[in-house]
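Engineer: One structure is given below, represented as structure tokens, and several questions about it will come after.
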2 protein chains.
Amino acid sequence: MESFALRMTKNGKTPLYRQLYRYIIGEITSGRLSAGEKLPSKRRLAADLGVSVSTVDTAYQMLAAEGYVKAKPKSGFTVLHIERLRPPLRPAACVPKQAPRIQWQYDFDTGSVDTGLFPFKTWARIQRETVTGHPELLNHGARQGDENLRGAIAKYLHAYRGVLCTPEQIVVGAGIEYLLGLLARLFSGAVFAVENPGYPRMGRILQNSGVRVRYVPVDAEGMQIGALQESGAQIAYVTPSHQFPTGATMPAARRTELLRWAQGKAGRYVIEDDYDSEFRYDTRPLPSLQGMDPAGCVIYVGTFSKSIAPSMRVGYMVLPPQALVRWRAQFGMYSSTVSRFEQQTLCRFMEEGHFARHLNRLRIAGRSRRDALTQALYSAFGKQGVTVHGGHTGLHLLVTVHSGLSERQLVQAAAQQGVRVGGLSDYYAPDTQGCPASTVVLGYSGMDEETLRKAANALRRAWNVQASQE
Amino acid sequence: MESFALRMTKNGKTPLYRQLYRYIIGEITSGRLSAGEKLPSKRRLAADLGVSVSTVDTAYQMLAAEGYVKAKPKSGFTVLHIERLRPPLRPAACVPKQAPRIQWQYDFDTGSVDTGLFPFKTWARIQRETVTGHPELLNHGARQGDENLRGAIAKYLHAYRGVLCTPEQIVVGAGIEYLLGLLARLFSGAVFAVENPGYPRMGRILQNSGVRVRYVPVDAEGMQIGALQESGAQIAYVTPSHQFPTGATMPAARRTELLRWAQGKAGRYVIEDDYDSEFRYDTRPLPSLQGMDPAGCVIYVGTFSKSIAPSMRVGYMVLPPQALVRWRAQFGMYSSTVSRFEQQTLCRFMEEGHFARHLNRLRIAGRSRRDALTQALYSAFGKQGVTVHGGHTGLHLLVTVHSGLSERQLVQAAAQQGVRVGGLSDYYAPDTQGCPASTVVLGYSGMDEETLRKAANALRRAWNVQASQE
């Protein structure tokens with residue numbers, strides 16, 4: 001290439017070297033300048049364009065630094081091979097589209113957080129310091145998760161949940177669902193007992209992971225031990241602090257029974273999912289089942305989805321020694337599934353006390369919200385109209401509506417008013433009896449008090465109107 | 001509580017309100033002030049301590065904001081319930097410790113990146129803008145990954161690898177290992193064929209995930225199709241761009257054979273792992289197998305581990321329509337396993353052109369390093385002493401050493417000089433024949449040219465000395 005037919009403009013907006021740089025990139029990516037061609041000499045081009053040699057030099061150096069051209073001693077700059085973009089894609093006609101998400105006016109989903117409570121500035125500051133000061137974080141870290149993060153989690157679990165463990169027992173992973181899938185493979189020959197009603201996703205994940213699942217009924221104290229015995233299961237997956245969705249807390253006596261079941265036969269384990277125990281309002285909670293278990297039969301799993309954000313994808317599990325040995329033999333070579341930038345940001349967020357403060361704020365907000373929602377529901381429907389239960393802990397309530405509407409009618413009427421509520425029967429295994437009638441599940445973590453009051457009003461419109469039409 | 005026995009010091013270091021605030025936290029966390037107790041009135045305490053009312057007020061407001069106390073109209077501030085810390089943990093004696101990592105002087109591991117090449121500032125800036133400007137990112141995003149990120153990946157794959165797909169076909173997940181584990185469950189009844197030699201982790205992951213695995217031999221053109229036929233497999237997992245570890249590129253004829261095998265029977269698929277195809281140096285690469293396949297038999301998987309960082313944990317797969325339908329039915333309810341902050345940072349990094357520039361830089365660095373290492377090895381051992389192969393693409397080389405030392409001796413002698421090299425036989429399935437003798441695998445992505453030359457010298461010391469001792 002002898003020279004370029006480019007008109008430079010001294011308009012004060014774009015520096016001359018940048019105009020030249022962009023022009024040459026355009027020539028390369030369009031294919032008009034191809035791999036192996038030489039750029040004009042700096043002096044020649046500077047003279048042709050009426051600019052200084054250093055302007056041309058700056059543009060050439062930028063192109064070289066970014067890999068568009070290469071400097072060769074004594075022979076100037078040569079164009080390197082660059083992929084060209086093809087025309088944009090046409091979507092394949094046969095790819096199934098997914099239904100667009102519904103935008104609800106009020107969403108009682110149980111998996112949301114109120115973004116107004118998150119300390120974005122603190123998080124952003126720690127994250128920036130983590131990314132800019134620690135280049136080594138680009139490379140693989142420990143497979144179970146970074147050691148200091150596991151240390152911070154161990155301390156937190158001890159202080160808040162009475163969990164007794166060392167950092168070596170902790171495995172950090174991309175969410176409880178991921179970890180549960182691995183546990184299913186770790187105990188792949190076993191039968192897993194899950195709660196009925198329960199978190200339906202967990203049963204599905206276990207089945208997808210290739211293990212047999214038995215649904216075991218839950219009463220006001222959690223999983224029924226007699227039914228667990230009969231199920232023939234080796235592994236029991238439970239939510240003892242705050243049973244999902246009923247809200248039951250497993251009392252000490254039932255806990256002892258459950259641990260005795262686990263100790264009754266070699267190879268039995270309890271998986272304790274403590275997903276929202278940070279949010280307890282009225283009474284001091286029982287410490288974790290894990291902390292009551294000297295025999296090493298409890299695998300404790302938890303998450304930062306409720307206490308930080310569901311989009312953060314950080315869960316953890318605490319493996320008792322025997323399970324840990326087995327884990328390391330089978331999964332010890334698996335790469336960690338959580339970005340180290342996020343692991344280290346989270347670790348400092350915990351170590352510097354921000355997490356404890358954030359939890360306190362969330363707990364206070366959670367209580368206010370629970371109270372606001374409960375009050376708003378009672379004033380909308382009257383004490384005779386609804387029963388609100390299951391809210392001493394956690395971020396959701398159960399509401400039984402005494403207007404004669406079925407659960408399905410309640411859910412549909414709410415949807416017509418732009419309100420998403422879940423029916424309790426969604427959490428029951430297929431073909432099981434005993435689901436309380438006319439009961440819905442309201443997660444309140446995504447809305448503030450004012451919004452909850454408005455949402456309760458919308459429910460009043462939905463359910464009273466509907467009731468009078470029947 | 002009437003008042004506090006606290007001595008305030010005007011030392012200029014800690015403001016008075018902060019001294020008071022810390023004192024009260026100490027009283028609460030130690031249990032001396034318990035839940036339900038009232039704090040002294042602001043006026044009373046200010047008078048007792050000889051400070052202004054606003055000093056006390058500031059301290060009380062901070063305590064209230066952080067959830068230690070609660071303000072009640074007309075009755076002042078009441079202490080809230082706070083967990084107390086127990087004494088620190090003693091590590092359980094029975095928890096097995098993991099061996100500490102060896103610090104190598106020169107590490108030819110194939111999974112490292114050179115942290116000197118990463119644009120930390122750009123990444124940190126985009127990340128900060130992502131975290132502070134988008135509160136909605138705290139909540140769950142699309143289960144297959146955020147739509148704009150999938151769009152950016154589709155464009156990139158089309159431009160660089162000739163992959164033909166829409167964003168709907170892409171699933172983003174926490175690394176290829178994770179995605180492969182799910183694919184194993186998606187085709188859980190199938191037999192999977194993997195390359196021998198190959199990436200040993202992949203065979204293990206498939207087996208851990210509960211599917212049957214057959215090892216199919218690789219020749220200079222990649223997986224042998226005759227042996228694949230005989231294996232009875234339904235799914236073939238291959239690395240056609242740059243076979244790992246041999247470095248073979250599957251030529252067009254073998255690709256056609258492989259696709260014909262897949263089309264030969266319903267339910268057969270090829271999983272194309274394109275883990276390092278961005279790094280090609282000498283020739284224009286063949287486009288992806290996926291782009292050659294009109295029948296929808298190829299599942300394309302890729303990762304940002306090599307092109308950004310292994311600690312980032314972002315992989316993706318492109319599912320053909322039939323597999324996508326099946327995927328959504330079985331795994332459509334799984335939460336995404338990648339943090340949305342990182343998804344969005346990565347998306348903007350791609351959309352704003354930083355990724356293309358970074359890839360260019362990496363490719364240039366990769367070529368220089370490969371050339372430097374090859375040259376250093378030939379000058380250390382002579383053209384007769386070693387054969388270097390497999391380096392036209394990717395970030396590792398195979399080196400066969402003609403000094404009479406066995407592979408094991410080579411690896412051990414290198415280790416004695418502080419150099420980690422891998423033996424080629426590590427990549428062969430147990431009990432298979434045909435591994436070339438005295439061959440090691442050198443990953444060079446973690447070291448710059450100067451370091452590679454020193455590492456080659458260290459290998460010369462290791463292998464020449466050893467040879468003369470025999």
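Naming works like this for the structure tokens: A, B, ... for the chains as they're shown, residue 1 at the start of each chain, ligands 1 onward in shown order.
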Tell me which protein, DNA and RNA residues are within 8 Å of region 290-297 of chain B, counting only C-alpha atoms, leaving out same-chain ones fewer than 6 positions away, and put them as an MDAnalysis selection string.
Structural biologist: chainID B and resid 161:164 259 262:263 268:270 272 320:322
Engineer: Could you please tell me, as a PyMOL selection string, which residues of chain B have an atom within 6 Å of chain A when using only C-alpha atoms?
Structural biologist: chain B and resi 66-67+85+91+95+112+115+120+124+128+132+135+138-140+159+166+174+309-313+321+337+339-340+357+360-361
Engineer: Could you write those residues out with N, CA, C and O atoms, as a compact mmCIF listing (two decimals), in the first residue's frame?
Structural biologist:
# COMPACT_ATOMS: atom_id res chain seq x y z
N GLU B 66 -28.09 -0.17 61.67
CA GLU B 66 -27.42 -1.44 61.50
C GLU B 66 -28.13 -2.57 62.24
O GLU B 66 -27.65 -3.70 62.27
N GLY B 67 -29.24 -2.25 62.87
CA GLY B 67 -30.05 -3.32 63.41
C GLY B 67 -29.67 -3.77 64.81
O GLY B 67 -30.12 -4.82 65.24
N LEU B 85 -21.20 -14.49 69.49
CA LEU B 85 -20.18 -15.37 68.94
C LEU B 85 -19.74 -16.37 69.99
O LEU B 85 -19.52 -16.02 71.15
N PRO B 91 -10.17 -27.23 64.85
CA PRO B 91 -10.37 -28.11 63.71
C PRO B 91 -10.65 -29.53 64.19
O PRO B 91 -9.99 -30.01 65.10
N VAL B 95 -10.79 -34.62 60.25
CA VAL B 95 -10.98 -34.13 58.90
C VAL B 95 -9.66 -34.25 58.14
O VAL B 95 -8.65 -33.72 58.58
N SER B 112 -3.11 -22.66 32.63
CA SER B 112 -2.82 -21.33 33.20
C SER B 112 -2.97 -20.23 32.16
O SER B 112 -2.91 -20.47 30.97
N THR B 115 -1.11 -13.61 33.57
CA THR B 115 -1.93 -12.53 34.10
C THR B 115 -1.47 -11.16 33.59
O THR B 115 -2.21 -10.19 33.71
N PHE B 120 -7.01 -5.52 33.08
CA PHE B 120 -7.67 -5.38 34.39
C PHE B 120 -8.46 -4.09 34.51
O PHE B 120 -9.56 -4.06 35.04
N ALA B 124 -12.33 -3.88 35.21
CA ALA B 124 -12.79 -3.30 36.48
C ALA B 124 -13.77 -2.15 36.21
O ALA B 124 -14.76 -2.00 36.92
N ARG B 128 -17.60 -2.19 37.40
CA ARG B 128 -18.13 -1.17 38.32
C ARG B 128 -19.42 -0.58 37.76
O ARG B 128 -20.42 -0.45 38.45
N THR B 132 -23.02 -0.89 39.70
CA THR B 132 -23.66 0.27 40.31
C THR B 132 -24.87 0.75 39.53
O THR B 132 -25.73 1.41 40.09
N PRO B 135 -29.45 -2.38 39.40
CA PRO B 135 -29.93 -3.14 40.55
C PRO B 135 -30.71 -4.38 40.17
O PRO B 135 -30.71 -5.37 40.91
N LEU B 138 -29.56 -8.14 40.53
CA LEU B 138 -29.54 -8.97 41.74
C LEU B 138 -30.50 -10.14 41.63
O LEU B 138 -30.32 -11.16 42.28
N ASN B 139 -31.55 -9.98 40.84
CA ASN B 139 -32.53 -11.05 40.77
C ASN B 139 -32.22 -12.02 39.63
O ASN B 139 -31.40 -11.75 38.76
N HIS B 140 -32.87 -13.17 39.67
CA HIS B 140 -32.63 -14.21 38.67
C HIS B 140 -32.78 -13.66 37.26
O HIS B 140 -33.68 -12.88 36.98
N ALA B 159 -18.62 -15.24 13.73
CA ALA B 159 -17.53 -14.53 13.07
C ALA B 159 -16.23 -15.31 13.14
O ALA B 159 -15.48 -15.37 12.17
N THR B 166 -28.73 -19.37 16.72
CA THR B 166 -29.39 -18.19 17.28
C THR B 166 -29.10 -18.17 18.79
O THR B 166 -28.74 -19.20 19.36
N ALA B 174 -21.51 -22.67 34.28
CA ALA B 174 -20.26 -22.47 35.02
C ALA B 174 -19.16 -23.43 34.56
O ALA B 174 -18.68 -24.25 35.33
N ALA B 309 -10.01 -16.09 31.32
CA ALA B 309 -9.33 -16.59 32.52
C ALA B 309 -10.00 -17.88 32.97
O ALA B 309 -11.23 -17.98 32.95
N PRO B 310 -9.20 -18.86 33.40
CA PRO B 310 -9.79 -20.11 33.89
C PRO B 310 -10.61 -19.91 35.16
O PRO B 310 -11.51 -20.68 35.43
N SER B 311 -10.30 -18.84 35.91
CA SER B 311 -11.04 -18.62 37.16
C SER B 311 -12.38 -17.95 36.91
O SER B 311 -13.13 -17.71 37.84
N MET B 312 -12.70 -17.64 35.65
CA MET B 312 -13.94 -16.90 35.36
C MET B 312 -15.15 -17.81 35.36
O MET B 312 -16.27 -17.39 35.60
N ARG B 313 -14.96 -19.08 35.06
CA ARG B 313 -16.02 -20.08 35.10
C ARG B 313 -17.21 -19.72 34.22
O ARG B 313 -18.35 -19.69 34.69
N PRO B 321 -31.67 -27.88 17.41
CA PRO B 321 -33.07 -27.75 17.83
C PRO B 321 -33.64 -28.94 18.59
O PRO B 321 -34.27 -28.76 19.64
N THR B 337 -26.02 -20.93 36.35
CA THR B 337 -24.95 -21.12 37.33
C THR B 337 -23.89 -20.03 37.25
O THR B 337 -22.85 -20.15 37.89
N SER B 339 -22.98 -15.96 37.78
CA SER B 339 -23.38 -14.68 38.36
C SER B 339 -23.77 -13.69 37.26
O SER B 339 -23.08 -13.55 36.25
N ARG B 340 -24.86 -12.96 37.47
CA ARG B 340 -25.28 -12.02 36.42
C ARG B 340 -24.35 -10.82 36.32
O ARG B 340 -24.22 -10.24 35.24
N ARG B 357 -10.08 -7.37 20.64
CA ARG B 357 -8.72 -6.84 20.78
C ARG B 357 -7.88 -7.73 21.69
O ARG B 357 -6.72 -8.00 21.41
N ASN B 360 -6.78 -10.79 19.90
CA ASN B 360 -5.67 -10.50 19.00
C ASN B 360 -4.36 -10.45 19.77
O ASN B 360 -3.35 -11.01 19.35
N ARG B 361 -4.39 -9.76 20.90
CA ARG B 361 -3.18 -9.67 21.71
C ARG B 361 -2.73 -11.05 22.18
O ARG B 361 -1.55 -11.38 22.13
Engineer: When you look at Phe4 (chain B) with a cut-off of 10 Å (counting only C-alpha atoms), what residues show up, excluding the ones that are within fewer than 4 positions of it in the same chain? I need them as an NGL selection string.
Structural biologist: :B and (20 or 23-24 or 27 or 39-40 or 45 or 48-49)
Engineer: Selected residues, all heavy atoms, written as a CSV table (one decimal), in the first residue's frame, please.
Structural biologist:
chain,number,residue,atom,x,y,z
B,20,LEU,N,-18.9,6.0,71.4
B,20,LEU,CA,-20.1,5.6,72.0
B,20,LEU,C,-20.7,4.4,71.3
B,20,LEU,O,-21.2,3.4,71.9
B,20,LEU,CB,-21.1,6.8,72.1
B,20,LEU,CG,-22.4,6.5,72.8
B,20,LEU,CD1,-22.2,6.0,74.2
B,20,LEU,CD2,-23.3,7.8,72.8
B,23,TYR,N,-18.8,1.3,71.9
B,23,TYR,CA,-19.0,0.8,73.3
B,23,TYR,C,-20.4,0.0,73.4
B,23,TYR,O,-20.4,-1.0,74.0
B,23,TYR,CB,-19.0,2.0,74.3
B,23,TYR,CG,-19.4,1.7,75.7
B,23,TYR,CD1,-18.4,1.2,76.6
B,23,TYR,CD2,-20.7,1.8,76.2
B,23,TYR,CE1,-18.7,0.9,77.9
B,23,TYR,CE2,-21.0,1.5,77.5
B,23,TYR,CZ,-20.0,1.0,78.3
B,23,TYR,OH,-20.3,0.7,79.6
B,24,ILE,N,-21.4,0.6,72.8
B,24,ILE,CA,-22.7,0.0,73.0
B,24,ILE,C,-22.8,-1.3,72.2
B,24,ILE,O,-23.3,-2.3,72.7
B,24,ILE,CB,-23.8,1.0,72.5
B,24,ILE,CG1,-23.8,2.2,73.4
B,24,ILE,CG2,-25.2,0.3,72.6
B,24,ILE,CD1,-24.8,3.3,73.0
B,27,GLU,N,-21.3,-3.8,74.4
B,27,GLU,CA,-22.2,-4.2,75.5
B,27,GLU,C,-23.3,-5.2,75.0
B,27,GLU,O,-23.7,-6.1,75.7
B,27,GLU,CB,-23.0,-3.0,76.0
B,27,GLU,CG,-22.0,-2.0,76.8
B,27,GLU,CD,-21.5,-2.6,78.1
B,27,GLU,OE1,-22.2,-2.8,79.0
B,27,GLU,OE2,-20.3,-2.9,78.1
B,39,LEU,N,-32.1,1.7,75.8
B,39,LEU,CA,-31.0,2.6,76.0
B,39,LEU,C,-31.3,3.8,76.8
B,39,LEU,O,-32.5,4.2,76.9
B,39,LEU,CB,-30.5,3.0,74.6
B,39,LEU,CG,-30.0,1.9,73.6
B,39,LEU,CD1,-29.4,2.6,72.4
B,39,LEU,CD2,-29.0,1.0,74.3
B,40,PRO,N,-30.3,4.4,77.5
B,40,PRO,CA,-30.6,5.6,78.3
B,40,PRO,C,-31.2,6.7,77.3
B,40,PRO,O,-30.9,6.7,76.1
B,40,PRO,CB,-29.2,6.0,78.8
B,40,PRO,CG,-28.3,4.9,78.6
B,40,PRO,CD,-28.9,4.0,77.6
B,45,LEU,N,-28.0,10.7,78.8
B,45,LEU,CA,-26.7,10.2,78.6
B,45,LEU,C,-25.7,11.3,78.2
B,45,LEU,O,-24.6,11.3,78.6
B,45,LEU,CB,-26.8,9.1,77.5
B,45,LEU,CG,-25.5,8.4,77.2
B,45,LEU,CD1,-25.0,7.6,78.4
B,45,LEU,CD2,-25.7,7.4,76.0
B,48,ASP,N,-24.7,12.9,81.3
B,48,ASP,CA,-23.8,12.1,82.0
B,48,ASP,C,-22.4,12.0,81.5
B,48,ASP,O,-21.4,12.0,82.2
B,48,ASP,CB,-24.3,10.6,82.1
B,48,ASP,CG,-25.4,10.5,83.1
B,48,ASP,OD1,-25.8,11.5,83.8
B,48,ASP,OD2,-26.0,9.4,83.2
B,49,LEU,N,-22.3,12.0,80.1
B,49,LEU,CA,-21.0,11.8,79.5
B,49,LEU,C,-20.3,13.1,79.2
B,49,LEU,O,-19.1,13.1,78.7
B,49,LEU,CB,-21.2,11.0,78.2
B,49,LEU,CG,-21.7,9.6,78.3
B,49,LEU,CD1,-21.9,8.9,76.9
B,49,LEU,CD2,-20.7,8.7,79.1
Engineer: How many Å separate CA of Gly332 (chain A) from CA of Ile299 (chain A)?
Structural biologist: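 CA of Gly332 (chain A) sits 17.1 Å away from CA of Ile299 (chain A).
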Engineer: Give me the residues within 8 Å of Thr78 (chain B) as a ChimeraX atom specification, counting only C-alpha atoms and dropping any in the same chain fewer than 2 places off.
Structural biologist: /B:35-39,69-72,76,80
Engineer: Export, as a CSV table (one decimal), in the first residue's frame, the selected residues with all heavy atoms.
Structural biologist:
chain,number,residue,atom,x,y,z
B,35,ALA,N,-31.5,-8.2,74.8
B,35,ALA,CA,-32.7,-7.9,73.9
B,35,ALA,C,-33.8,-7.4,74.8
B,35,ALA,O,-34.1,-7.9,75.8
B,35,ALA,CB,-33.1,-9.1,73.1
B,36,GLY,N,-34.4,-6.3,74.3
B,36,GLY,CA,-35.6,-5.7,75.0
B,36,GLY,C,-35.2,-4.6,76.0
B,36,GLY,O,-36.1,-3.8,76.3
B,37,GLU,N,-34.0,-4.5,76.4
B,37,GLU,CA,-33.6,-3.4,77.3
B,37,GLU,C,-33.6,-2.1,76.5
B,37,GLU,O,-33.4,-2.0,75.3
B,37,GLU,CB,-32.1,-3.6,77.8
B,37,GLU,CG,-32.1,-4.6,79.0
B,37,GLU,CD,-30.8,-4.5,79.7
B,37,GLU,OE1,-30.5,-3.6,80.5
B,37,GLU,OE2,-29.9,-5.4,79.5
B,38,LYS,N,-33.9,-1.0,77.3
B,38,LYS,CA,-33.9,0.3,76.7
B,38,LYS,C,-32.5,1.0,76.9
B,38,LYS,O,-31.9,0.8,77.9
B,38,LYS,CB,-34.9,1.2,77.4
B,38,LYS,CG,-36.4,0.9,76.9
B,38,LYS,CD,-37.3,2.0,77.5
B,38,LYS,CE,-38.7,1.6,77.2
B,38,LYS,NZ,-39.7,2.5,77.9
B,39,LEU,N,-32.1,1.7,75.8
B,39,LEU,CA,-31.0,2.6,76.0
B,39,LEU,C,-31.3,3.8,76.8
B,39,LEU,O,-32.5,4.2,76.9
B,39,LEU,CB,-30.5,3.0,74.6
B,39,LEU,CG,-30.0,1.9,73.6
B,39,LEU,CD1,-29.4,2.6,72.4
B,39,LEU,CD2,-29.0,1.0,74.3
B,69,VAL,N,-30.3,-1.8,67.5
B,69,VAL,CA,-31.4,-1.3,68.4
B,69,VAL,C,-32.5,-0.9,67.5
B,69,VAL,O,-32.4,-0.8,66.3
B,69,VAL,CB,-30.9,-0.1,69.2
B,69,VAL,CG1,-29.7,-0.4,70.1
B,69,VAL,CG2,-30.6,1.1,68.4
B,70,LYS,N,-33.7,-0.6,68.1
B,70,LYS,CA,-34.8,-0.2,67.4
B,70,LYS,C,-35.4,1.0,68.0
B,70,LYS,O,-35.5,1.1,69.3
B,70,LYS,CB,-35.9,-1.3,67.4
B,70,LYS,CG,-37.0,-1.1,66.5
B,70,LYS,CD,-37.9,-2.3,66.4
B,70,LYS,CE,-39.1,-2.1,65.5
B,70,LYS,NZ,-40.0,-3.2,65.4
B,71,ALA,N,-35.8,2.0,67.2
B,71,ALA,CA,-36.4,3.2,67.8
B,71,ALA,C,-37.9,3.0,67.9
B,71,ALA,O,-38.6,2.5,66.9
B,71,ALA,CB,-36.2,4.4,66.9
B,72,LYS,N,-38.5,3.3,69.0
B,72,LYS,CA,-40.0,3.2,69.1
B,72,LYS,C,-40.5,4.6,69.5
B,72,LYS,O,-40.0,5.3,70.4
B,72,LYS,CB,-40.4,2.3,70.3
B,72,LYS,CG,-40.4,0.8,69.8
B,72,LYS,CD,-41.1,-0.1,70.8
B,72,LYS,CE,-40.9,-1.5,70.5
B,72,LYS,NZ,-41.4,-2.4,71.5
B,76,GLY,N,-38.2,5.8,73.0
B,76,GLY,CA,-36.7,5.7,72.9
B,76,GLY,C,-36.3,4.5,72.2
B,76,GLY,O,-37.0,3.9,71.4
B,80,LEU,N,-32.1,-4.9,70.3
B,80,LEU,CA,-32.7,-6.0,69.5
B,80,LEU,C,-31.9,-7.2,69.8
B,80,LEU,O,-30.7,-7.2,70.3
B,80,LEU,CB,-32.7,-5.7,68.0
B,80,LEU,CG,-33.6,-4.6,67.6
B,80,LEU,CD1,-33.4,-4.3,66.1
B,80,LEU,CD2,-35.1,-5.1,67.7
Engineer: Looking at B:Met447, B:Gly151, B:Leu405, B:Gly422, which one is nearest to Ala462 (chain B), with distances taken over only C-alpha atoms?
Structural biologist: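 Comparing B:Met447, B:Gly151, B:Leu405, B:Gly422 against Ala462 (chain B), the winner is B:Leu405.
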Engineer: Run DSSP on the backbone and give me the residues of region 215-257 of chain B it puts in helix (DSSP H, G or I), as a PyMOL selection string.
Structural biologist: chain B and resi 225-231+252-257
Engineer: Contacts of Arg43 (chain A) at 9 Å or less, counting only C-alpha atoms, minus same-chain residues fewer than 5 places along, as a list in words?
Structural biologist: Asp48, Ser52, Val53 and Val56 of chain A
Engineer: Nearest residue to Val298 (chain A) out of A:Met250, A:Ser438, A:Gly353, A:Val238, using only C-alpha atoms?
Structural biologist: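 Of the candidates, the smallest distance to Val298 (chain A) is held by A:Val238.
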Engineer: Measure the distance from CA of Ile235 (chain B) to CA of Val191 (chain B) in Å and round it to one decimal.
Structural biologist: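 Separation between CA of Ile235 (chain B) and CA of Val191 (chain B): 6.4 Å.
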Engineer: Using only C-alpha atoms, which protein or nucleic acid residues come within 8 Å of Gly366 (chain A)? Drop anything in the same chain fewer than 3 positions from it, and give the result as a list in words.
Structural biologist: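 Final neighbour list, sorted by chain and number: Phe279, Leu362, Arg363, Arg369, Arg370, Gly394, Leu395 and Ser445 of chain A.
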Engineer: Atoms to include: all heavy atoms. Write the selected residues as a short mmCIF file (atom, residue, chain, number, x, y, z; two decimals), in the first residue's frame.
Structural biologist:
data_model
loop_
_atom_site.label_atom_id
_atom_site.label_comp_id
_atom_site.auth_asym_id
_atom_site.auth_seq_id
_atom_site.Cartn_x
_atom_site.Cartn_y
_atom_site.Cartn_z
N PHE A 279 -33.34 -15.51 58.49
CA PHE A 279 -34.48 -14.62 58.67
C PHE A 279 -35.43 -15.21 59.69
O PHE A 279 -36.36 -15.91 59.38
CB PHE A 279 -35.19 -14.41 57.33
CG PHE A 279 -34.25 -13.85 56.31
CD1 PHE A 279 -33.54 -14.68 55.47
CD2 PHE A 279 -34.03 -12.49 56.25
CE1 PHE A 279 -32.64 -14.15 54.56
CE2 PHE A 279 -33.13 -11.96 55.34
CZ PHE A 279 -32.44 -12.80 54.51
N LEU A 362 -31.45 -6.72 56.61
CA LEU A 362 -32.43 -7.57 55.92
C LEU A 362 -33.43 -8.15 56.90
O LEU A 362 -34.62 -8.25 56.61
CB LEU A 362 -31.73 -8.73 55.20
CG LEU A 362 -30.95 -8.42 53.94
CD1 LEU A 362 -30.40 -9.73 53.37
CD2 LEU A 362 -31.82 -7.74 52.90
N ARG A 363 -32.93 -8.53 58.09
CA ARG A 363 -33.82 -9.16 59.05
C ARG A 363 -34.85 -8.15 59.55
O ARG A 363 -36.03 -8.46 59.68
CB ARG A 363 -33.00 -9.74 60.21
CG ARG A 363 -33.76 -10.74 61.02
CD ARG A 363 -32.92 -11.27 62.17
NE ARG A 363 -31.69 -11.89 61.68
CZ ARG A 363 -30.48 -11.63 62.16
NH1 ARG A 363 -30.32 -10.77 63.16
NH2 ARG A 363 -29.44 -12.24 61.66
N ARG A 369 -41.78 -6.19 56.90
CA ARG A 369 -42.57 -6.57 55.75
C ARG A 369 -43.58 -7.65 56.09
O ARG A 369 -44.74 -7.59 55.68
CB ARG A 369 -41.64 -7.04 54.63
CG ARG A 369 -41.00 -5.86 53.98
CD ARG A 369 -39.75 -6.19 53.25
NE ARG A 369 -39.05 -4.93 52.98
CZ ARG A 369 -38.31 -4.70 51.94
NH1 ARG A 369 -38.12 -5.64 51.04
NH2 ARG A 369 -37.74 -3.52 51.76
N ARG A 370 -43.08 -8.63 56.84
CA ARG A 370 -44.01 -9.68 57.27
C ARG A 370 -45.17 -9.07 58.04
O ARG A 370 -46.33 -9.36 57.81
CB ARG A 370 -43.28 -10.69 58.14
CG ARG A 370 -44.20 -11.79 58.63
CD ARG A 370 -43.66 -12.46 59.87
NE ARG A 370 -43.48 -11.49 60.95
CZ ARG A 370 -43.13 -11.83 62.20
NH1 ARG A 370 -42.89 -13.09 62.48
NH2 ARG A 370 -43.00 -10.91 63.13
N GLY A 394 -38.05 -16.71 57.86
CA GLY A 394 -38.05 -16.78 56.41
C GLY A 394 -38.71 -15.62 55.73
O GLY A 394 -38.97 -14.58 56.34
N LEU A 395 -38.99 -15.79 54.47
CA LEU A 395 -39.41 -14.68 53.64
C LEU A 395 -40.68 -15.00 52.87
O LEU A 395 -40.93 -14.44 51.81
CB LEU A 395 -38.27 -14.30 52.67
CG LEU A 395 -36.98 -13.85 53.40
CD1 LEU A 395 -35.79 -13.86 52.46
CD2 LEU A 395 -37.17 -12.47 54.01
N SER A 445 -40.19 -11.01 49.94
CA SER A 445 -38.86 -10.40 50.01
C SER A 445 -38.59 -9.40 48.90
O SER A 445 -37.69 -8.59 48.99
CB SER A 445 -37.80 -11.51 49.98
OG SER A 445 -38.00 -12.35 48.86
#
Engineer: Quick one: everything within 8 Å of Ala380 (chain A), counting only C-alpha atoms, minus sequence neighbours fewer than 5 positions away in the same chain. Send it as a list of chain:residue names.
Structural biologist: A:Ala456, A:Asn457, A:Arg460
Engineer: Report, in Å to a single decimal, how far apart CA of Val440 (chain B) and CA of Leu228 (chain B) are.
Structural biologist: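 Pair CA of Leu228 (chain B) / CA of Val440 (chain B) returns 26.6 Å.
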